[in-house]
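Step one of this worksheet: look at the structure below.
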Amino acid sequence: MKYMDYDAETLFSVGRRFLHGDCVEKDIDKAKEMLERAADMGHPLARKLLDTINDRKEEEKDNMEEWNKMRSGQMYNWTDPVIDRSLKQSRIACEKFNKSGIDHDDYRQLLENMIPGVPETVTILPPFHCDHGNGLHLGEGVFVNYNGMFLDAADITIGNHTLIGPNCSLYTPQHPIDYRMRRRTIESAFAIKIGKDCWLGGDVTVCPGVTIGDRCVIGAGSVVTHDIPSDTLAAGNPCRVIRKLE
């Protein structure tokens, strides 16, 4: 029996469960769909609950100012409630993921909970840590070895079939240079982009705002502070191009 075949009272009851996550997985879109149907059928409370949802969405939209600053490279307050809530959710998701492992039945589900929309061909070996998870955009076949730390205040994009060695760190947050500003709860963040078919050796650190081109090899222990062009072997601290790759 389809949901839309239910009577108004049942639609209202089930829709409310989807709204609050009671006994079912929380799904706002599904809740709205059921409540809209219940309201059209004349349920006295469905329209009021729908108005509450819409008011909440407008309030959340107004509260996204600091989040939008964070994602666009502007100075933002990292104690903002929206950002703080995302950080907490990510910490819980990382904790659950790190208690599992690649050989466990729940591995794939926990990975998807930690990084929404991650392709099925991506493999990440725990332990792994990220700030938000929703700022990670991983291509097909990406492999991340043990102890990755991807701080995604800004977006981190990794191309198809790129291999990330153990103990690699990708940092997008940038604290102010002025020590007086560092005492405040503000920072900025700059996106990291790594191309397709790259290989980052173990213990590589990629700094905020860096772009690494396609088919690059970054030597173990490198600290990448500036952009690296495609088809190059680069290494060192600071990382520099050693030679072109055929």
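Identifiers in this document derive from the order of the structure tokens: chains are assigned A, B, ..., residues are numbered from 1 separately in each chain, and ligands are numbered from 1 in order of occurrence.
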Next item on the list: Using DSSP on the backbone, list every residue of region 130-183 of chain A that comes out as helix (DSSP H, G or I), and give them as a list in words.
Entry: Tyr179, Arg180, Met181 and Arg182 of chain A
Could you write those residues out with N, CA, C and O atoms, as an mmCIF file, in the first residue's frame?
```
data_model
loop_
_atom_site.group_PDB
_atom_site.id
_atom_site.type_symbol
_atom_site.label_atom_id
_atom_site.label_comp_id
_atom_site.auth_asym_id
_atom_site.auth_seq_id
_atom_site.Cartn_x
_atom_site.Cartn_y
_atom_site.Cartn_z
ATOM 1 N N TYR A 179 47.949 38.158 16.075
ATOM 2 C CA TYR A 179 47.685 37.380 17.295
ATOM 3 C C TYR A 179 46.460 37.875 18.046
ATOM 4 O O TYR A 179 45.769 37.101 18.721
ATOM 5 N N ARG A 180 46.151 39.188 17.930
ATOM 6 C CA ARG A 180 44.983 39.725 18.625
ATOM 7 C C ARG A 180 43.694 39.179 18.016
ATOM 8 O O ARG A 180 42.734 38.904 18.727
ATOM 9 N N MET A 181 43.697 38.980 16.694
ATOM 10 C CA MET A 181 42.525 38.394 16.043
ATOM 11 C C MET A 181 42.428 36.901 16.327
ATOM 12 O O MET A 181 41.334 36.339 16.392
ATOM 13 N N ARG A 182 43.592 36.250 16.522
ATOM 14 C CA ARG A 182 43.557 34.817 16.833
ATOM 15 C C ARG A 182 42.940 34.538 18.187
ATOM 16 O O ARG A 182 42.494 33.407 18.451
#
```
Within 7 Å of region 204-210 of chain A, counting only C-alpha atoms, which residues show up once you throw out same-chain ones fewer than 2 positions away? Write them as a PDB file with N, CA, C and O atoms, in the first residue's frame, please.
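This went into selection.pdb:
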```pdb
ATOM      1  N   CYS A 168      48.105  11.297   5.994  1.00  0.00           N
ATOM      2  CA  CYS A 168      48.050  12.524   5.199  1.00  0.00           C
ATOM      3  C   CYS A 168      47.033  13.494   5.801  1.00  0.00           C
ATOM      4  O   CYS A 168      45.992  13.087   6.317  1.00  0.00           O
ATOM      5  N   SER A 169      47.357  14.775   5.702  1.00  0.00           N
ATOM      6  CA  SER A 169      46.510  15.821   6.286  1.00  0.00           C
ATOM      7  C   SER A 169      46.221  16.884   5.235  1.00  0.00           C
ATOM      8  O   SER A 169      47.142  17.415   4.607  1.00  0.00           O
ATOM      9  N   LEU A 170      44.943  17.182   5.063  1.00  0.00           N
ATOM     10  CA  LEU A 170      44.508  18.237   4.155  1.00  0.00           C
ATOM     11  C   LEU A 170      43.817  19.301   4.995  1.00  0.00           C
ATOM     12  O   LEU A 170      42.764  19.041   5.582  1.00  0.00           O
ATOM     13  N   TYR A 171      44.407  20.488   5.059  1.00  0.00           N
ATOM     14  CA  TYR A 171      43.919  21.535   5.953  1.00  0.00           C
ATOM     15  C   TYR A 171      43.375  22.705   5.148  1.00  0.00           C
ATOM     16  O   TYR A 171      44.124  23.377   4.434  1.00  0.00           O
ATOM     17  N   THR A 172      42.071  22.996   5.282  1.00  0.00           N
ATOM     18  CA  THR A 172      41.520  24.200   4.653  1.00  0.00           C
ATOM     19  C   THR A 172      41.423  25.397   5.603  1.00  0.00           C
ATOM     20  O   THR A 172      41.435  26.532   5.142  1.00  0.00           O
ATOM     21  N   PRO A 173      41.308  25.236   6.935  1.00  0.00           N
ATOM     22  CA  PRO A 173      41.186  26.406   7.819  1.00  0.00           C
ATOM     23  C   PRO A 173      42.477  27.232   7.865  1.00  0.00           C
ATOM     24  O   PRO A 173      43.584  26.694   7.794  1.00  0.00           O
ATOM     25  N   GLN A 174      42.302  28.534   7.980  1.00  0.00           N
ATOM     26  CA  GLN A 174      43.427  29.470   8.037  1.00  0.00           C
ATOM     27  C   GLN A 174      43.179  30.444   9.184  1.00  0.00           C
ATOM     28  O   GLN A 174      42.251  31.252   9.131  1.00  0.00           O
ATOM     29  N   ALA A 189      38.768  29.947   5.593  1.00  0.00           N
ATOM     30  CA  ALA A 189      39.078  28.625   5.060  1.00  0.00           C
ATOM     31  C   ALA A 189      39.124  28.705   3.542  1.00  0.00           C
ATOM     32  O   ALA A 189      38.324  29.418   2.924  1.00  0.00           O
ATOM     33  N   PHE A 190      40.070  27.976   2.951  1.00  0.00           N
ATOM     34  CA  PHE A 190      40.284  28.046   1.511  1.00  0.00           C
ATOM     35  C   PHE A 190      40.339  26.641   0.923  1.00  0.00           C
ATOM     36  O   PHE A 190      41.019  25.754   1.446  1.00  0.00           O
ATOM     37  N   ALA A 191      39.625  26.458  -0.180  1.00  0.00           N
ATOM     38  CA  ALA A 191      39.403  25.140  -0.753  1.00  0.00           C
ATOM     39  C   ALA A 191      40.696  24.485  -1.232  1.00  0.00           C
ATOM     40  O   ALA A 191      41.628  25.151  -1.700  1.00  0.00           O
ATOM     41  N   ILE A 192      40.740  23.167  -1.125  1.00  0.00           N
ATOM     42  CA  ILE A 192      41.826  22.342  -1.644  1.00  0.00           C
ATOM     43  C   ILE A 192      41.280  21.503  -2.792  1.00  0.00           C
ATOM     44  O   ILE A 192      40.204  20.915  -2.686  1.00  0.00           O
ATOM     45  N   LYS A 193      42.044  21.439  -3.882  1.00  0.00           N
ATOM     46  CA  LYS A 193      41.656  20.620  -5.026  1.00  0.00           C
ATOM     47  C   LYS A 193      42.824  19.713  -5.406  1.00  0.00           C
ATOM     48  O   LYS A 193      43.948  20.192  -5.601  1.00  0.00           O
ATOM     49  N   LEU A 200      49.562  10.649  -3.380  1.00  0.00           N
ATOM     50  CA  LEU A 200      50.210  11.365  -2.281  1.00  0.00           C
ATOM     51  C   LEU A 200      50.833  10.330  -1.358  1.00  0.00           C
ATOM     52  O   LEU A 200      50.127   9.466  -0.823  1.00  0.00           O
ATOM     53  N   GLY A 201      52.151  10.386  -1.187  1.00  0.00           N
ATOM     54  CA  GLY A 201      52.825   9.461  -0.295  1.00  0.00           C
ATOM     55  C   GLY A 201      52.452   9.709   1.157  1.00  0.00           C
ATOM     56  O   GLY A 201      51.728  10.657   1.492  1.00  0.00           O
ATOM     57  N   GLY A 202      52.953   8.865   2.039  1.00  0.00           N
ATOM     58  CA  GLY A 202      52.612   8.989   3.450  1.00  0.00           C
ATOM     59  C   GLY A 202      53.089  10.296   4.061  1.00  0.00           C
ATOM     60  O   GLY A 202      54.083  10.887   3.646  1.00  0.00           O
ATOM     61  N   ILE A 212      46.421  20.791  -6.630  1.00  0.00           N
ATOM     62  CA  ILE A 212      47.370  19.836  -7.196  1.00  0.00           C
ATOM     63  C   ILE A 212      46.740  19.297  -8.473  1.00  0.00           C
ATOM     64  O   ILE A 212      45.604  18.811  -8.459  1.00  0.00           O
ATOM     65  N   ALA A 220      56.623  11.387  -0.107  1.00  0.00           N
ATOM     66  CA  ALA A 220      56.292  11.225   1.314  1.00  0.00           C
ATOM     67  C   ALA A 220      56.908  12.329   2.152  1.00  0.00           C
ATOM     68  O   ALA A 220      58.045  12.750   1.929  1.00  0.00           O
ATOM     69  N   GLY A 221      56.138  12.801   3.129  1.00  0.00           N
ATOM     70  CA  GLY A 221      56.620  13.814   4.059  1.00  0.00           C
ATOM     71  C   GLY A 221      56.586  15.229   3.529  1.00  0.00           C
ATOM     72  O   GLY A 221      57.012  16.163   4.225  1.00  0.00           O
ATOM     73  N   SER A 222      56.065  15.441   2.332  1.00  0.00           N
ATOM     74  CA  SER A 222      56.046  16.776   1.737  1.00  0.00           C
ATOM     75  C   SER A 222      55.022  17.680   2.418  1.00  0.00           C
ATOM     76  O   SER A 222      53.995  17.209   2.921  1.00  0.00           O
ATOM     77  N   VAL A 223      55.312  18.973   2.405  1.00  0.00           N
ATOM     78  CA  VAL A 223      54.371  19.990   2.865  1.00  0.00           C
ATOM     79  C   VAL A 223      54.057  20.875   1.664  1.00  0.00           C
ATOM     80  O   VAL A 223      54.906  21.649   1.213  1.00  0.00           O
ATOM     81  N   VAL A 224      52.854  20.736   1.154  1.00  0.00           N
ATOM     82  CA  VAL A 224      52.481  21.405  -0.100  1.00  0.00           C
ATOM     83  C   VAL A 224      51.868  22.759   0.238  1.00  0.00           C
ATOM     84  O   VAL A 224      50.734  22.846   0.711  1.00  0.00           O
ATOM     85  N   THR A 225      52.626  23.813  -0.017  1.00  0.00           N
ATOM     86  CA  THR A 225      52.193  25.167   0.326  1.00  0.00           C
ATOM     87  C   THR A 225      51.745  25.967  -0.889  1.00  0.00           C
ATOM     88  O   THR A 225      51.123  27.020  -0.735  1.00  0.00           O
ATOM     89  N   HIS A 226      52.084  25.498  -2.093  1.00  0.00           N
ATOM     90  CA  HIS A 226      51.721  26.200  -3.323  1.00  0.00           C
ATOM     91  C   HIS A 226      51.183  25.198  -4.344  1.00  0.00           C
ATOM     92  O   HIS A 226      51.396  23.990  -4.219  1.00  0.00           O
ATOM     93  N   ASP A 227      50.517  25.708  -5.375  1.00  0.00           N
ATOM     94  CA  ASP A 227      49.934  24.853  -6.404  1.00  0.00           C
ATOM     95  C   ASP A 227      51.010  24.014  -7.103  1.00  0.00           C
ATOM     96  O   ASP A 227      52.147  24.475  -7.309  1.00  0.00           O
TER      97      ASP A 227
END
```
Next item on the list: Excluding Ala38 (chain A) and any residue of its chain fewer than 3 positions from it, enumerate the residues within 9 Å of it, using only C-alpha atoms, and give them as a list in words.
Entry: Asp7, Ala8, Glu9, Thr10, Leu11, Phe12, Gly15, Glu33, Met34, Leu35, Met41, Gly42, His43, Pro44, Leu45, Ala46 and Arg47 of chain A
Next item on the list: Name the residues in contact with Ser188 (chain A) at a cut-off of 9 Å, using only C-alpha atoms, excluding same-chain residues fewer than 2 positions from it; report them as an MDAnalysis selection string.
Entry: chainID A and resid 69:77 153:154 172:176 186 190
Next item on the list: Can you work out the spacing between CA of Leu110 (chain A) and CA of Asp152 (chain A) in Å, to one decimal?
Entry: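 Interatomic distance here is 18.2 Å.
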Next item on the list: Counting only C-alpha atoms, figure out which residue out of A:Lys96, A:Arg215, A:Arg108, A:Arg16 gets nearest to Ile124 (chain A).
Entry: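 Among the listed residues, A:Arg108 lies closest to Ile124 (chain A).
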Checklist line | Distance criterion (only C-alpha atoms): nearest to Pro166 (chain A) out of A:Ala39, A:Ile53, A:Met149, A:Ile228 | finding: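 Looking only at the distances to Pro166 (chain A), the closest residue turns out to be A:Met149.
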Check: Running DSSP on the backbone, which parts of region 185-222 of chain A land in strand (DSSP E or B), as a VMD selection string?
Finding: chain A and resid 186 to 189 192 to 194 199 to 200 205 to 206 211 to 212 217 to 218
Margin query: Report, in Å with one decimal, the straight-line distance from CA of Gly219 (chain A) to CA of Thr121 (chain A).
Written below: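 Straight-line distance from CA of Gly219 (chain A) to CA of Thr121 (chain A) works out to 24.9 Å.
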Next item on the list: Would you please work out which residue, of A:Pro126, A:Pro119, A:Gly165, A:Gly236, is nearest to His104 (chain A) when using only C-alpha atoms?
Entry: A:Pro126
Notebook entry, point to check: Any idea what's packed within 7 Å of Asn160 (chain A), counting only C-alpha atoms, ignoring anything in its chain fewer than 6 positions away? Could you give it as a list in words?
Noted result: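 Once the adjacent positions are removed, what remains is Gly139, Glu140, Gly141, Val142, Lys196 and Asp197 of chain A.
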Note to self: Taking 2 positions as the minimum chain separation for residues in the same chain, which residues sit within 10 Å of Pro81 (chain A) when counting only C-alpha atoms? Answer as a PyMOL selection string.
What the structure shows: chain A and resi 63-64+66-67+77-79+83-87
Would you save the residues from that selection as a compact mmCIF listing (two decimals), in the first residue's frame, using all heavy atoms?
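Writing the result to out-v4.txt gives the following:
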```txt
# COMPACT_ATOMS: atom_id res chain seq x y z
N ASN A 63 19.99 31.93 9.32
CA ASN A 63 21.11 31.60 10.19
C ASN A 63 22.31 31.04 9.45
O ASN A 63 23.29 30.64 10.07
CB ASN A 63 20.66 30.58 11.25
CG ASN A 63 19.70 31.19 12.27
OD1 ASN A 63 19.68 32.40 12.45
ND2 ASN A 63 18.90 30.36 12.91
N MET A 64 22.26 30.99 8.10
CA MET A 64 23.33 30.40 7.31
C MET A 64 24.43 31.39 6.95
O MET A 64 25.36 31.06 6.21
CB MET A 64 22.76 29.78 6.04
CG MET A 64 21.87 28.58 6.27
SD MET A 64 22.75 27.20 7.03
CE MET A 64 23.69 26.62 5.63
N GLU A 66 27.03 32.77 8.58
CA GLU A 66 28.40 32.39 8.93
C GLU A 66 28.85 31.16 8.15
O GLU A 66 30.01 31.04 7.75
CB GLU A 66 28.52 32.14 10.44
CG GLU A 66 28.34 33.38 11.29
CD GLU A 66 29.36 34.46 11.00
OE1 GLU A 66 30.56 34.12 10.87
OE2 GLU A 66 28.96 35.63 10.87
N TRP A 67 27.91 30.22 7.96
CA TRP A 67 28.23 29.02 7.16
C TRP A 67 28.63 29.41 5.74
O TRP A 67 29.62 28.91 5.20
CB TRP A 67 27.03 28.08 7.13
CG TRP A 67 27.26 26.85 6.32
CD1 TRP A 67 27.08 26.69 4.98
CD2 TRP A 67 27.74 25.59 6.81
NE1 TRP A 67 27.40 25.42 4.60
CE2 TRP A 67 27.81 24.72 5.69
CE3 TRP A 67 28.11 25.11 8.07
CZ2 TRP A 67 28.25 23.40 5.81
CZ3 TRP A 67 28.53 23.79 8.18
CH2 TRP A 67 28.60 22.96 7.06
N ASN A 77 32.84 33.09 12.06
CA ASN A 77 32.89 32.73 13.48
C ASN A 77 32.62 31.23 13.61
O ASN A 77 31.51 30.77 13.36
CB ASN A 77 31.83 33.54 14.25
CG ASN A 77 31.89 33.30 15.75
OD1 ASN A 77 32.49 32.33 16.22
ND2 ASN A 77 31.27 34.18 16.51
N TRP A 78 33.64 30.48 14.02
CA TRP A 78 33.47 29.02 14.06
C TRP A 78 32.65 28.53 15.26
O TRP A 78 32.37 27.33 15.36
CB TRP A 78 34.82 28.31 14.03
CG TRP A 78 35.87 28.81 14.98
CD1 TRP A 78 36.86 29.70 14.69
CD2 TRP A 78 36.07 28.44 16.34
NE1 TRP A 78 37.65 29.93 15.80
CE2 TRP A 78 37.19 29.15 16.83
CE3 TRP A 78 35.40 27.56 17.21
CZ2 TRP A 78 37.64 29.03 18.13
CZ3 TRP A 78 35.86 27.44 18.51
CH2 TRP A 78 36.97 28.17 18.95
N THR A 79 32.21 29.44 16.14
CA THR A 79 31.31 29.05 17.22
C THR A 79 29.84 29.28 16.84
O THR A 79 28.95 29.07 17.67
CB THR A 79 31.62 29.82 18.51
OG1 THR A 79 31.39 31.22 18.30
CG2 THR A 79 33.06 29.60 18.94
N ILE A 83 27.34 26.09 12.41
CA ILE A 83 28.64 25.45 12.23
C ILE A 83 28.93 24.49 13.38
O ILE A 83 29.40 23.36 13.17
CB ILE A 83 29.75 26.52 12.12
CG1 ILE A 83 29.52 27.36 10.86
CG2 ILE A 83 31.13 25.88 12.11
CD1 ILE A 83 30.47 28.54 10.73
N ASP A 84 28.63 24.93 14.58
CA ASP A 84 28.88 24.08 15.76
C ASP A 84 28.07 22.79 15.68
O ASP A 84 28.59 21.71 16.02
CB ASP A 84 28.53 24.85 17.03
CG ASP A 84 28.88 24.08 18.29
OD1 ASP A 84 30.06 23.73 18.47
OD2 ASP A 84 27.97 23.83 19.10
N ARG A 85 26.82 22.88 15.24
CA ARG A 85 25.99 21.69 15.12
C ARG A 85 26.56 20.72 14.09
O ARG A 85 26.59 19.50 14.30
CB ARG A 85 24.56 22.09 14.75
CG ARG A 85 23.59 20.92 14.69
CD ARG A 85 22.16 21.40 14.72
NE ARG A 85 21.82 22.29 13.63
CZ ARG A 85 21.56 23.58 13.76
NH1 ARG A 85 21.60 24.15 14.96
NH2 ARG A 85 21.25 24.33 12.71
N SER A 86 27.05 21.26 12.98
CA SER A 86 27.66 20.42 11.95
C SER A 86 28.93 19.74 12.47
O SER A 86 29.18 18.57 12.20
CB SER A 86 27.98 21.24 10.70
OG SER A 86 28.62 20.47 9.72
N LEU A 87 29.74 20.49 13.23
CA LEU A 87 30.96 19.92 13.80
C LEU A 87 30.64 18.77 14.75
O LEU A 87 31.31 17.73 14.74
CB LEU A 87 31.74 21.01 14.53
CG LEU A 87 32.42 22.07 13.67
CD1 LEU A 87 32.89 23.24 14.53
CD2 LEU A 87 33.60 21.48 12.90
```
